[in-house]
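Read through the structure below, which is laid out as structure tokens, and then see the notes.
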Amino acid sequence: MAKPVLDKTKRGWWESAVFYQIYPKSFQDTTGTGVGDLKGIISRLDYLEKLGIDGIWLSPVCASPQVDNGYDVSDYCAIDPMFGTMEDMDALIAEAKKRNISIIMDLVLNHCSDQHIWFREALKSRENPYHDYFIWRDGDASTPPNDMGSVFGGPAWTYVPHLGQWYFHQFVPQQPDMNWENPKVLQELYTMINWWMEKGVAGFRIDAIINIQKDLDFPSYAPDGADGLASVVRMVESVNGVGEKLQDLKKNTFAKYDAFTVGEVFNMKREELEAFVGENGHFSTMFDFSVNCLSDGPGGWYRNKTIAFDDFRRTLFQSQMECLDIGFLANIIENHDEPRGSSRFLPEYAQNEMGMKMLGTVSMLLRGLPFLYQGQEIGMTNCPMNSVEEYNDINTKSEYRLALEAGLSEEEALEACYRFSRDNARTPMQWDDSPHAGFTTGIPWLKVNPNYTSVNVALQEKKEDSILNFYRKLIALRKSEEFRELFTYGDFHPVLEEETEILAYCRSLGQKKVMVIANFGKESAVISDDFFGDCRCLLTNDTVRISENRLTLAPAQVVVLTK
Ligand code: TEU
């Protein structure tokens, strides 16, 4: 059995913290614009305090033309007027602090908006001092520097005729990649990061950070997209050397303030795990996307797969075991880029309240840092849209087109979006059953899920056994005096792996032991184990049925037992 790890005196407050991601555009509107705002978040801090969270990851609120909902920043030191003012931001930091909640900003460092002053200047001439803030290659309009395709579809290069040059963008053309080889760029970014730290934020979630390292030769890769292009991901996963940049970044910014950092890292080389999240890693932690990636198809959402339980369990356990002696991963079920988790990780027959509680328990008691996404705590689900026009997300629109080009009908293409669109997680937060779910008095920027009359906070406040109240208990358990140390630093090991539809693991620290057992099967399950003999149940979403050494679990039942 792997040894319990990590010298806890060496790390920070965040190790035993529970985080909550807010997508500000969809959380709470106070002005009737149909868009959420910072004042809205402040007005809901009591709710978040009662939920028991310690930190908020705020998706981008800086000035932005919103082509990619704030992930295209045009001014890193200004709040987008849509969300309020810098005074509102200061008030949010202060009000959160009063409730012992830290604010984690979203930090987009790979690219900025094409409306950022740096890019607008860069476009003026090759000699402009900002020109070299971006990545350019000479050429004529007919031949891009290589055949790379961007993450959201279309080429990763855009031509600027008056310069006779192409610029590089891994995301949409309105998100030009910055040139991390230019020390001036680093200086600008480091100064900005430190400015935010001085304002009192606790740290950052760092966007698409591995993408900062390019292969400057821009070789051609084997085409892997339906459009005959090779995804930029091929470059990201093969290029070396990002570590030096990340260490320099850390040294000049985060380390000075003991900031908490969580990296959004896809396509990392497995052997680099320690370099990323070990004792002296680039980041405090990074998201574990391993199970999310299981649905990736050979290109295009319409070719995505349904996740088999067996793969889900094996992959989850593998990630846990790999990180055990190294550091902490951040565990998610969903975020603003992912569909709602119940539709993805639960078998159809368990896509209900009980299943959602089970999935929440399994995820939150893993080793690592739990990150909840807004609405997860009330069981918000994917949102049916009547046509592609109802979607806002650029990625969804390109995936829809891709599906049509591949010969799918409009109905089938829409179905793929229903399963995987990022907008599934971005529909407004469902506070109550008043018009627009209490999110706004205006017209919401994105459709409210029609199920808001039955799935909302107000209703669940009143219902003793609601998903919301269950999450409150779950968080309280994770942070309880008695078990906080165990859930934070305790060992992790899979159990009952021979059971084909049971997901079960053990967390232990010293003499203390907790077992989490979940039945993903359609039928009741009966399991025998000595552990059940004289154990105590800490949490369940149903009735505990134990007789001697036999535990009976209903479908979608989870139990958390201790001895
Ligand atoms: O997401 C990054 C992203 O899209 C990854 O899924 C991508 O596949 C990977 O980096 C490729 O190597 C972040 C944000 O979470 C998302 O909302 C933004 O749209 C995106 O960056 C661009 O800023």
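A note on labels: chains of the structure tokens are A, B, ... as shown, every chain counts residues from 1, and ligands are counted from 1 in their shown order.
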Proximity check chain A to ligand 1, 10 Å, nearest pairs one decimal Å, only C-alpha atoms and all ligand atoms, as a tab-separated table:
```
residue	atom	partner	partner_atom_place_in_ligand_line	distance
A:Ser59	CA	ligand 1	15 (O)	8.5
A:Pro60	CA	ligand 1	17 (O)	9.3
A:Val67	CA	ligand 1	19 (O)	9.3
A:Asp68	CA	ligand 1	19 (O)	5.7
A:Asn69	CA	ligand 1	17 (O)	7.6
A:Gly70	CA	ligand 1	23 (O)	8.1
A:Tyr71	CA	ligand 1	23 (O)	4.4
A:Asp72	CA	ligand 1	23 (O)	6.6
A:Val73	CA	ligand 1	23 (O)	9.2
A:Asp106	CA	ligand 1	15 (O)	9.1
A:Leu107	CA	ligand 1	23 (O)	9.4
A:Val108	CA	ligand 1	23 (O)	6.5
A:Leu109	CA	ligand 1	23 (O)	8.8
A:Asn110	CA	ligand 1	23 (O)	7.8
A:His111	CA	ligand 1	23 (O)	7.3
A:Cys112	CA	ligand 1	23 (O)	8.5
A:Ser113	CA	ligand 1	23 (O)	9.8
A:Ser150	CA	ligand 1	11 (C)	8.9
A:Val151	CA	ligand 1	8 (O)	5.9
A:Phe152	CA	ligand 1	4 (O)	7.7
A:Gln170	CA	ligand 1	11 (C)	8.0
A:Phe171	CA	ligand 1	22 (C)	6.0
A:Val172	CA	ligand 1	22 (C)	8.2
A:Gln175	CA	ligand 1	23 (O)	7.7
A:Arg205	CA	ligand 1	15 (O)	9.6
A:Ile206	CA	ligand 1	13 (C)	8.8
A:Asp207	CA	ligand 1	13 (C)	5.3
A:Ala208	CA	ligand 1	10 (O)	4.6
A:Ile209	CA	ligand 1	10 (O)	7.5
A:Ile210	CA	ligand 1	10 (O)	7.3
A:Asn211	CA	ligand 1	12 (O)	6.1
A:Ile212	CA	ligand 1	10 (O)	9.8
A:Ser231	CA	ligand 1	11 (C)	8.6
A:Val232	CA	ligand 1	12 (O)	7.0
A:Val233	CA	ligand 1	12 (O)	4.7
A:Arg234	CA	ligand 1	12 (O)	8.3
A:Met235	CA	ligand 1	12 (O)	8.7
A:Val236	CA	ligand 1	12 (O)	6.1
A:Glu237	CA	ligand 1	12 (O)	7.7
A:Glu264	CA	ligand 1	2 (C)	7.2
A:Val265	CA	ligand 1	10 (O)	6.9
A:Phe266	CA	ligand 1	12 (O)	5.4
A:Asn267	CA	ligand 1	12 (O)	6.1
A:Met268	CA	ligand 1	12 (O)	9.0
A:Phe289	CA	ligand 1	6 (O)	9.7
A:Cys293	CA	ligand 1	6 (O)	9.6
A:Asn335	CA	ligand 1	15 (O)	8.2
A:His336	CA	ligand 1	17 (O)	6.5
A:Asp337	CA	ligand 1	17 (O)	5.5
A:Glu338	CA	ligand 1	6 (O)	9.1
A:Asp393	CA	ligand 1	19 (O)	8.9
A:Ile394	CA	ligand 1	19 (O)	8.5
A:Asn395	CA	ligand 1	19 (O)	7.8
A:Arg422	CA	ligand 1	17 (O)	8.3
```
Looking only at the backbone, which of the residues in stretch 211-460 of chain A does DSSP tag as helix (DSSP H, G or I), as a ChimeraX atom specification?
-> /A:211-212,232-238,242-252,254-257,270-277,292-295,301-303,309-323,341-345,348-350,353-364,376-378,388-390,394-405,410-420,422-424,435-438,450-453,457-460
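Of the residues listed (A:Arg11, A:Ala476, A:Asn100, A:Gln66), A:Asn100 shows the shortest atom-to-atom separation from A:Glu49; distances use only C-alpha atoms.
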Strand (DSSP E or B) positions in stretch 242-278 of chain A, given as a PyMOL selection string = chain A and resi 260-263
Those same residues - all heavy atoms - I'd like them written as a PDB file, in the first residue's frame.
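So selection.pdb came out as:
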```pdb
ATOM      1  N   PHE A 260      -2.096  30.789  -4.136  1.00  0.00           N
ATOM      2  CA  PHE A 260      -2.636  29.481  -4.526  1.00  0.00           C
ATOM      3  C   PHE A 260      -2.833  29.478  -6.040  1.00  0.00           C
ATOM      4  O   PHE A 260      -3.399  30.430  -6.592  1.00  0.00           O
ATOM      5  CB  PHE A 260      -3.981  29.247  -3.832  1.00  0.00           C
ATOM      6  CG  PHE A 260      -4.744  28.088  -4.406  1.00  0.00           C
ATOM      7  CD1 PHE A 260      -4.321  26.784  -4.219  1.00  0.00           C
ATOM      8  CD2 PHE A 260      -5.886  28.303  -5.188  1.00  0.00           C
ATOM      9  CE1 PHE A 260      -5.012  25.716  -4.776  1.00  0.00           C
ATOM     10  CE2 PHE A 260      -6.589  27.240  -5.739  1.00  0.00           C
ATOM     11  CZ  PHE A 260      -6.147  25.944  -5.534  1.00  0.00           C
ATOM     12  N   THR A 261      -2.351  28.445  -6.697  1.00  0.00           N
ATOM     13  CA  THR A 261      -2.526  28.399  -8.152  1.00  0.00           C
ATOM     14  C   THR A 261      -3.056  27.030  -8.590  1.00  0.00           C
ATOM     15  O   THR A 261      -2.607  25.995  -8.103  1.00  0.00           O
ATOM     16  CB  THR A 261      -1.192  28.638  -8.892  1.00  0.00           C
ATOM     17  OG1 THR A 261      -0.207  27.734  -8.391  1.00  0.00           O
ATOM     18  CG2 THR A 261      -0.719  30.064  -8.722  1.00  0.00           C
ATOM     19  N   VAL A 262      -4.012  27.078  -9.485  1.00  0.00           N
ATOM     20  CA  VAL A 262      -4.519  25.821 -10.058  1.00  0.00           C
ATOM     21  C   VAL A 262      -4.446  25.948 -11.572  1.00  0.00           C
ATOM     22  O   VAL A 262      -5.021  26.847 -12.175  1.00  0.00           O
ATOM     23  CB  VAL A 262      -5.939  25.464  -9.534  1.00  0.00           C
ATOM     24  CG1 VAL A 262      -6.906  26.619  -9.587  1.00  0.00           C
ATOM     25  CG2 VAL A 262      -6.512  24.252 -10.307  1.00  0.00           C
ATOM     26  N   GLY A 263      -3.679  25.050 -12.165  1.00  0.00           N
ATOM     27  CA  GLY A 263      -3.443  25.124 -13.602  1.00  0.00           C
ATOM     28  C   GLY A 263      -4.502  24.378 -14.394  1.00  0.00           C
ATOM     29  O   GLY A 263      -4.945  23.291 -13.993  1.00  0.00           O
TER      30      GLY A 263
END
```
Restrict the calculation to only C-alpha atoms, then for each residue of stretch 391-491 of chain A with any atom at most 8 Å from an atom of stretch 528-552 of chain A give the closest atom pair and their distance in Å to one decimal, rows by chain and rising residue number, as JSON lines.
```
{"residue": "A:Phe470", "atom": "CA", "partner": "A:Asn541", "partner_atom": "CA", "distance": 7.8}
{"residue": "A:Lys473", "atom": "CA", "partner": "A:Leu539", "partner_atom": "CA", "distance": 8.0}
{"residue": "A:Leu474", "atom": "CA", "partner": "A:Leu539", "partner_atom": "CA", "distance": 7.5}
{"residue": "A:Leu477", "atom": "CA", "partner": "A:Leu538", "partner_atom": "CA", "distance": 7.8}
```
For atom CA of A:Gln374 and atom CA of A:Leu48, the interatomic separation in Å (one decimal) |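 Computing the Euclidean distance for atom CA of A:Gln374 and atom CA of A:Leu48 yields 10.1 Å.
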Proximity to A:Phe119 - best of A:Val185, A:Ile93, A:Ile56, A:Val239, only C-alpha atoms |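 For A:Phe119, the nearest of the candidates is A:Val185.
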Atom CA of A:Tyr302 to atom CA of A:Ala403, straight-line distance in Å |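 Rounded to one decimal, the two atoms are 6.1 Å apart.
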Near stretch 76-89 of chain A, counting only C-alpha atoms, which residues have an atom at most 6 Å away, once you skip same-chain residues fewer than 3 positions from it, shown as a list in words?
-> Asp37, Leu38, Val61, Cys62, Ala63 and Leu92 of chain A
Would you put the residues from that selection into a file with all heavy atoms, as a PDB file, in the first residue's frame?
```pdb
ATOM      1  N   ASP A  37     -23.564  39.976 -12.458  1.00  0.00           N
ATOM      2  CA  ASP A  37     -22.573  41.009 -12.145  1.00  0.00           C
ATOM      3  C   ASP A  37     -21.939  40.771 -10.777  1.00  0.00           C
ATOM      4  O   ASP A  37     -22.361  39.893 -10.021  1.00  0.00           O
ATOM      5  CB  ASP A  37     -23.205  42.408 -12.237  1.00  0.00           C
ATOM      6  CG  ASP A  37     -24.550  42.471 -11.538  1.00  0.00           C
ATOM      7  OD1 ASP A  37     -24.603  42.096 -10.354  1.00  0.00           O
ATOM      8  OD2 ASP A  37     -25.558  42.867 -12.180  1.00  0.00           O
ATOM      9  N   LEU A  38     -20.923  41.587 -10.477  1.00  0.00           N
ATOM     10  CA  LEU A  38     -20.170  41.400  -9.224  1.00  0.00           C
ATOM     11  C   LEU A  38     -21.053  41.656  -8.007  1.00  0.00           C
ATOM     12  O   LEU A  38     -20.968  40.935  -7.005  1.00  0.00           O
ATOM     13  CB  LEU A  38     -18.943  42.316  -9.203  1.00  0.00           C
ATOM     14  CG  LEU A  38     -17.871  41.963 -10.249  1.00  0.00           C
ATOM     15  CD1 LEU A  38     -16.772  43.026 -10.279  1.00  0.00           C
ATOM     16  CD2 LEU A  38     -17.260  40.594  -9.978  1.00  0.00           C
ATOM     17  N   VAL A  61     -13.535  38.308 -15.363  1.00  0.00           N
ATOM     18  CA  VAL A  61     -14.382  39.495 -15.221  1.00  0.00           C
ATOM     19  C   VAL A  61     -13.678  40.743 -15.773  1.00  0.00           C
ATOM     20  O   VAL A  61     -14.179  41.852 -15.632  1.00  0.00           O
ATOM     21  CB  VAL A  61     -14.788  39.741 -13.743  1.00  0.00           C
ATOM     22  CG1 VAL A  61     -15.779  38.695 -13.278  1.00  0.00           C
ATOM     23  CG2 VAL A  61     -13.573  39.775 -12.815  1.00  0.00           C
ATOM     24  N   CYS A  62     -12.503  40.558 -16.373  1.00  0.00           N
ATOM     25  CA  CYS A  62     -11.761  41.723 -16.877  1.00  0.00           C
ATOM     26  C   CYS A  62     -12.369  42.211 -18.198  1.00  0.00           C
ATOM     27  O   CYS A  62     -13.169  41.500 -18.826  1.00  0.00           O
ATOM     28  CB  CYS A  62     -10.291  41.354 -17.075  1.00  0.00           C
ATOM     29  SG  CYS A  62      -9.459  41.114 -15.505  1.00  0.00           S
ATOM     30  N   ALA A  63     -11.968  43.427 -18.573  1.00  0.00           N
ATOM     31  CA  ALA A  63     -12.520  44.026 -19.790  1.00  0.00           C
ATOM     32  C   ALA A  63     -12.293  43.099 -20.982  1.00  0.00           C
ATOM     33  O   ALA A  63     -11.202  42.550 -21.154  1.00  0.00           O
ATOM     34  CB  ALA A  63     -11.846  45.370 -20.042  1.00  0.00           C
ATOM     35  N   LEU A  92     -16.121  42.904  -3.358  1.00  0.00           N
ATOM     36  CA  LEU A  92     -16.293  41.444  -3.372  1.00  0.00           C
ATOM     37  C   LEU A  92     -15.155  40.766  -2.593  1.00  0.00           C
ATOM     38  O   LEU A  92     -15.404  39.876  -1.765  1.00  0.00           O
ATOM     39  CB  LEU A  92     -16.341  40.927  -4.823  1.00  0.00           C
ATOM     40  CG  LEU A  92     -16.335  39.409  -4.983  1.00  0.00           C
ATOM     41  CD1 LEU A  92     -17.536  38.760  -4.298  1.00  0.00           C
ATOM     42  CD2 LEU A  92     -16.326  39.008  -6.465  1.00  0.00           C
TER      43      LEU A  92
END
```
Figure out the distance between atom CA of A:Asn280 and atom CA of A:Gln247, please, to one decimal in Å.
->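 These atoms are spaced 9.2 Å apart.
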Might you pull out every residue within 10 Å of A:Pro144, with only C-alpha atoms counted and same-chain residues fewer than 5 positions away left off, and present them as an MDAnalysis selection string?
-> chainID A and resid 137:139 155:159 165:168
